[in-house]
$ cat coords29.pdb   # PDB, C-alpha atoms, pLDDT in the B column
MODEL        1
ATOM      1  CA  MET A   1       0.000   0.000   0.000  1.00 68.00           C
ATOM      2  CA  THR A   2       1.437   3.363  -1.011  1.00 76.00           C
ATOM      3  CA  GLY A   3       1.346   6.625   0.854  1.00 75.00           C
ATOM      4  CA  ALA A   4      -1.300   7.964  -1.533  1.00 80.00           C
ATOM      5  CA  ASP A   5      -3.563   5.019  -0.727  1.00 82.00           C
ATOM      6  CA  GLN A   6      -3.124   5.594   2.978  1.00 84.00           C
ATOM      7  CA  PHE A   7      -3.922   9.304   2.590  1.00 89.00           C
ATOM      8  CA  TYR A   8      -7.084   8.368   0.696  1.00 89.00           C
ATOM      9  CA  ILE A   9      -8.056   5.960   3.488  1.00 89.00           C
ATOM     10  CA  VAL A  10      -7.448   8.639   6.120  1.00 90.00           C
ATOM     11  CA  LEU A  11      -9.750  11.052   4.246  1.00 92.00           C
ATOM     12  CA  VAL A  12     -12.451   8.403   3.901  1.00 91.00           C
ATOM     13  CA  CYS A  13     -12.227   7.567   7.601  1.00 90.00           C
ATOM     14  CA  ALA A  14     -12.351  11.256   8.536  1.00 92.00           C
ATOM     15  CA  ALA A  15     -15.509  11.610   6.424  1.00 92.00           C
ATOM     16  CA  CYS A  16     -16.879   8.546   8.207  1.00 92.00           C
ATOM     17  CA  GLY A  17     -16.195  10.288  11.523  1.00 91.00           C
ATOM     18  CA  ALA A  18     -18.023  13.389  10.309  1.00 91.00           C
ATOM     19  CA  ALA A  19     -20.996  11.192   9.346  1.00 91.00           C
ATOM     20  CA  GLY A  20     -20.861   9.842  12.885  1.00 90.00           C
ATOM     21  CA  GLY A  21     -21.064  13.449  14.069  1.00 89.00           C
ATOM     22  CA  ILE A  22     -24.291  13.890  12.122  1.00 89.00           C
ATOM     23  CA  ALA A  23     -25.660  10.773  13.814  1.00 90.00           C
ATOM     24  CA  TYR A  24     -24.559  12.213  17.152  1.00 89.00           C
ATOM     25  CA  ASP A  25     -26.494  15.407  16.439  1.00 87.00           C
ATOM     26  CA  PHE A  26     -29.643  13.401  15.748  1.00 89.00           C
ATOM     27  CA  PHE A  27     -29.346  11.611  19.071  1.00 91.00           C
ATOM     28  CA  TYR A  28     -28.453  14.911  20.755  1.00 85.00           C
ATOM     29  CA  LEU A  29     -31.759  16.353  19.587  1.00 84.00           C
ATOM     30  CA  VAL A  30     -33.664  13.298  20.790  1.00 88.00           C
ATOM     31  CA  ARG A  31     -31.997  13.659  24.197  1.00 87.00           C
ATOM     32  CA  ARG A  32     -32.785  17.346  24.316  1.00 80.00           C
ATOM     33  CA  PHE A  33     -36.501  16.945  23.647  1.00 80.00           C
ATOM     34  CA  PHE A  34     -36.994  13.830  25.813  1.00 86.00           C
ATOM     35  CA  PRO A  35     -34.783  14.371  28.859  1.00 84.00           C
ATOM     36  CA  SER A  36     -34.542  11.283  31.035  1.00 89.00           C
ATOM     37  CA  ARG A  37     -31.896   8.823  32.148  1.00 92.00           C
ATOM     38  CA  ALA A  38     -33.436   6.030  30.064  1.00 92.00           C
ATOM     39  CA  THR A  39     -33.337   8.196  26.936  1.00 91.00           C
ATOM     40  CA  ASP A  40     -29.669   8.948  27.573  1.00 92.00           C
ATOM     41  CA  ILE A  41     -28.803   5.263  27.803  1.00 94.00           C
ATOM     42  CA  VAL A  42     -30.812   4.318  24.713  1.00 94.00           C
ATOM     43  CA  CYS A  43     -29.316   7.179  22.712  1.00 92.00           C
ATOM     44  CA  ASP A  44     -25.758   6.269  23.732  1.00 92.00           C
ATOM     45  CA  VAL A  45     -26.177   2.643  22.732  1.00 94.00           C
ATOM     46  CA  ALA A  46     -27.963   3.581  19.507  1.00 94.00           C
ATOM     47  CA  PHE A  47     -25.252   6.109  18.605  1.00 92.00           C
ATOM     48  CA  PHE A  48     -22.465   3.572  18.962  1.00 92.00           C
ATOM     49  CA  LEU A  49     -24.403   0.993  16.965  1.00 94.00           C
ATOM     50  CA  VAL A  50     -25.124   3.510  14.202  1.00 92.00           C
ATOM     51  CA  PHE A  51     -21.519   4.702  14.184  1.00 91.00           C
ATOM     52  CA  ALA A  52     -20.271   1.110  13.941  1.00 90.00           C
ATOM     53  CA  GLY A  53     -22.751   0.501  11.123  1.00 91.00           C
ATOM     54  CA  ILE A  54     -21.538   3.583   9.261  1.00 89.00           C
ATOM     55  CA  TYR A  55     -17.938   2.461   9.630  1.00 88.00           C
ATOM     56  CA  LEU A  56     -18.706  -1.067   8.427  1.00 89.00           C
ATOM     57  CA  PHE A  57     -20.689   0.251   5.461  1.00 89.00           C
ATOM     58  CA  VAL A  58     -17.912   2.638   4.435  1.00 87.00           C
ATOM     59  CA  SER A  59     -15.349  -0.084   4.983  1.00 87.00           C
ATOM     60  CA  LEU A  60     -17.139  -2.468   2.656  1.00 88.00           C
ATOM     61  CA  LEU A  61     -18.053   0.214   0.116  1.00 87.00           C
ATOM     62  CA  PHE A  62     -14.499   1.460  -0.306  1.00 84.00           C
ATOM     63  CA  ALA A  63     -12.840  -1.936   0.291  1.00 83.00           C
ATOM     64  CA  LEU A  64     -10.715  -0.599   3.125  1.00 80.00           C
ATOM     65  CA  PRO A  65      -7.946  -2.866   4.387  1.00 80.00           C
ATOM     66  CA  ASP A  66      -8.009  -4.533   7.795  1.00 82.00           C
ATOM     67  CA  PHE A  67      -8.496  -2.264  10.760  1.00 79.00           C
ATOM     68  CA  ARG A  68      -5.446  -0.141  11.509  1.00 85.00           C
ATOM     69  CA  ILE A  69      -4.850   2.367  14.269  1.00 88.00           C
ATOM     70  CA  TYR A  70      -4.550   5.338  11.900  1.00 88.00           C
ATOM     71  CA  MET A  71      -8.012   4.522  10.541  1.00 87.00           C
ATOM     72  CA  PHE A  72      -9.452   4.686  14.064  1.00 88.00           C
ATOM     73  CA  LEU A  73      -7.614   7.953  14.738  1.00 92.00           C
ATOM     74  CA  ALA A  74      -8.887   9.409  11.449  1.00 92.00           C
ATOM     75  CA  CYS A  75     -12.487   8.503  12.379  1.00 91.00           C
ATOM     76  CA  LEU A  76     -11.983  10.046  15.782  1.00 92.00           C
ATOM     77  CA  ALA A  77     -10.451  13.178  14.248  1.00 93.00           C
ATOM     78  CA  GLY A  78     -13.375  13.513  11.815  1.00 93.00           C
ATOM     79  CA  LEU A  79     -15.842  13.184  14.655  1.00 90.00           C
ATOM     80  CA  ILE A  80     -14.011  15.744  16.784  1.00 92.00           C
ATOM     81  CA  LEU A  81     -13.718  18.196  13.889  1.00 92.00           C
ATOM     82  CA  TYR A  82     -17.431  17.877  13.239  1.00 90.00           C
ATOM     83  CA  LEU A  83     -18.321  18.325  16.900  1.00 87.00           C
ATOM     84  CA  LYS A  84     -16.066  21.381  17.224  1.00 90.00           C
ATOM     85  CA  SER A  85     -17.502  23.030  14.120  1.00 88.00           C
ATOM     86  CA  TRP A  86     -21.064  22.126  13.138  1.00 85.00           C
ATOM     87  CA  HIS A  87     -22.320  20.692  16.397  1.00 81.00           C
ATOM     88  CA  GLY A  88     -22.177  24.124  18.029  1.00 84.00           C
ATOM     89  CA  ILE A  89     -24.424  25.532  15.319  1.00 86.00           C
ATOM     90  CA  VAL A  90     -26.891  22.647  15.568  1.00 81.00           C
ATOM     91  CA  ALA A  91     -26.934  22.881  19.361  1.00 80.00           C
ATOM     92  CA  PHE A  92     -27.612  26.634  19.182  1.00 86.00           C
ATOM     93  CA  PHE A  93     -30.616  26.186  16.907  1.00 84.00           C
ATOM     94  CA  ALA A  94     -31.868  23.187  18.892  1.00 79.00           C
ATOM     95  CA  GLU A  95     -31.786  25.323  22.021  1.00 82.00           C
ATOM     96  CA  LYS A  96     -33.805  28.050  20.276  1.00 84.00           C
ATOM     97  CA  VAL A  97     -36.417  25.568  19.040  1.00 81.00           C
ATOM     98  CA  TYR A  98     -36.581  23.825  22.416  1.00 77.00           C
ATOM     99  CA  ASN A  99     -37.097  27.138  24.223  1.00 80.00           C
ATOM    100  CA  LYS A 100     -39.895  28.103  21.831  1.00 81.00           C
ATOM    101  CA  VAL A 101     -41.614  24.734  22.236  1.00 78.00           C
ATOM    102  CA  VAL A 102     -41.346  24.867  26.024  1.00 72.00           C
ATOM    103  CA  LYS A 103     -42.505  28.473  26.103  1.00 72.00           C
ATOM    104  CA  ARG A 104     -45.471  27.669  23.852  1.00 73.00           C
ATOM    105  CA  GLY A 105     -46.338  24.702  26.077  1.00 67.00           C
ATOM    106  CA  ARG A 106     -46.230  26.884  29.169  1.00 63.00           C
ATOM    107  CA  MET A 107     -48.285  29.565  27.490  1.00 57.00           C
ATOM    108  CA  SER A 108     -50.969  27.121  26.444  1.00 62.00           C
ATOM    109  CA  ALA A 109     -51.052  25.738  30.003  1.00 55.00           C
ATOM    110  CA  LEU A 110     -51.374  29.281  31.354  1.00 53.00           C
ATOM    111  CA  GLN A 111     -54.121  30.017  28.838  1.00 58.00           C
ATOM    112  CA  ARG A 112     -56.017  26.881  29.879  1.00 57.00           C
ATOM    113  CA  ASN A 113     -55.745  27.871  33.551  1.00 58.00           C
ATOM    114  CA  THR A 114     -56.871  31.425  32.743  1.00 58.00           C
ATOM    115  CA  GLU A 115     -59.848  30.128  30.755  1.00 54.00           C
ATOM    116  CA  LYS A 116     -60.836  27.870  33.655  1.00 57.00           C
ATOM    117  CA  LYS A 117     -60.687  30.807  36.055  1.00 56.00           C
ATOM    118  CA  ILE A 118     -62.788  32.954  33.720  1.00 55.00           C
ATOM    119  CA  CYS A 119     -65.374  30.180  33.427  1.00 55.00           C
ATOM    120  CA  ARG A 120     -65.535  29.820  37.227  1.00 58.00           C
ATOM    121  CA  ILE A 121     -65.953  33.574  37.666  1.00 56.00           C
ATOM    122  CA  SER A 122     -68.700  33.785  35.064  1.00 58.00           C
ATOM    123  CA  ARG A 123     -70.543  30.826  36.666  1.00 59.00           C
ATOM    124  CA  LYS A 124     -70.367  32.556  40.048  1.00 60.00           C
ATOM    125  CA  ARG A 125     -71.760  35.765  38.552  1.00 61.00           C
ATOM    126  CA  ARG A 126     -74.586  33.880  36.865  1.00 62.00           C
ATOM    127  CA  LYS A 127     -75.494  32.173  40.148  1.00 64.00           C
ATOM    128  CA  GLU A 128     -75.383  35.470  42.030  1.00 65.00           C
ATOM    129  CA  SER A 129     -77.569  37.250  39.503  1.00 64.00           C
ATOM    130  CA  SER A 130     -80.164  34.439  39.474  1.00 58.00           C
TER     131      SER A 130
ENDMDL
END
$ encode --input "coords29.pdb" --output "structure tokens"
Amino acid sequence: MTGADQFYIVLVCAACGAAGGIAYDFFYLVRRFFPSRATDIVCDVAFFLVFAGIYLFVSLLFALPDFRIYMFLACLAGLILYLKSWHGIVAFFAEKVYNKVVKRGRMSALQRNTEKKICRISRKRRKESS
């Protein structure tokens, strides 16, 4: 195997790591919108299974040689580069969406409570006027 082949393999593995970062963002969003310990565990296991699946798929697609340490380091580097760059942007927008959803949920709960109070007050007035 020549140096050019190894460079190609490193780039493919780094891209595989970046694809793993996209999978991580998906599970990050699931965790964010369904916060619980069970969700964390399921998302962690699912992420590692998906990441392993991505690596195996890429490995078979590009006929990569047997597992070598530089391939693992390239995947790890791709994942870290993705998390340091795009994950911050995704997390920022997820936070904005989450805050809007939570705020809307609170507002609708407040509106329901206000409507109940108004109904109680109007019933009392009707009884008093009768």
$ closest_residue --input "coords29.pdb" --among "A:Val45, A:Ile9, A:Leu81, A:Ala23" --to "A:Asp66" --atoms "all atoms listed in the file"
A:Ile9
$ resolve_selection --input "coords29.pdb" --expression "the PyMOL selection byres ((chain A and resi 70) around 12)" --output "ChimeraX atom specification"
/A:6-14,65-69,71-77
$ closest_residue --input "coords29.pdb" --among "A:Gly78, A:Gly3, A:Ser59, A:Arg37" --to "A:Gly20" --atoms "only C-alpha atoms"
A:Gly78
$ resolve_selection --input "coords29.pdb" --expression "the PyMOL selection byres ((chain A and resi 89-98) around 8)" --output "MDAnalysis selection string"
chainID A and resid 25 29 32:33 85:88 99:102
$ atom_distance --input "coords29.pdb" --atom1 "atom CA of A:Leu49" --atom2 "atom CA of A:Leu61"
18.0 Å
$ atom_distance --input "coords29.pdb" --atom1 "atom CA of A:Gly17" --atom2 "atom CA of A:Lys84"
12.5 Å
$ atom_distance --input "coords29.pdb" --atom1 "atom CA of A:Cys16" --atom2 "atom CA of A:Asp44"
18.0 Å
$ residues_around --input "coords29.pdb" --residues "A:Ala46" --least-positions-apart "2" --cutoff "12 Å" --atoms "all atoms listed in the file" --output "PyMOL selection string"
chain A and resi 20+23-24+26-28+30-31+39-44+48-53
$ write_last_selection --input "coords29.pdb" --atoms "C-alpha atoms" --output "short mmCIF file (atom, residue, chain, number, x, y, z; two decimals), keeping the file's coordinate frame"
data_model
loop_
_atom_site.label_atom_id
_atom_site.label_comp_id
_atom_site.auth_asym_id
_atom_site.auth_seq_id
_atom_site.Cartn_x
_atom_site.Cartn_y
_atom_site.Cartn_z
CA GLY A 20 -20.86 9.84 12.88
CA ALA A 23 -25.66 10.77 13.81
CA TYR A 24 -24.56 12.21 17.15
CA PHE A 26 -29.64 13.40 15.75
CA PHE A 27 -29.35 11.61 19.07
CA TYR A 28 -28.45 14.91 20.76
CA VAL A 30 -33.66 13.30 20.79
CA ARG A 31 -32.00 13.66 24.20
CA THR A 39 -33.34 8.20 26.94
CA ASP A 40 -29.67 8.95 27.57
CA ILE A 41 -28.80 5.26 27.80
CA VAL A 42 -30.81 4.32 24.71
CA CYS A 43 -29.32 7.18 22.71
CA ASP A 44 -25.76 6.27 23.73
CA PHE A 48 -22.46 3.57 18.96
CA LEU A 49 -24.40 0.99 16.96
CA VAL A 50 -25.12 3.51 14.20
CA PHE A 51 -21.52 4.70 14.18
CA ALA A 52 -20.27 1.11 13.94
CA GLY A 53 -22.75 0.50 11.12
#
$ axis_aligned_box --input "coords29.pdb" --around "stretch 78-88 of chain A" --padding-each-side "6 Å" --output "AutoDock Vina command-line options"
--center_x -17.8 --center_y 18.7 --center_z 14.9 --size_x 20.9 --size_y 22.9 --size_z 18.2
$ closest_residue --input "coords29.pdb" --among "A:Ile22, A:Asp5, A:Ser36, A:Arg104" --to "A:Ile54" --atoms "all atoms listed in the file"
A:Ile22
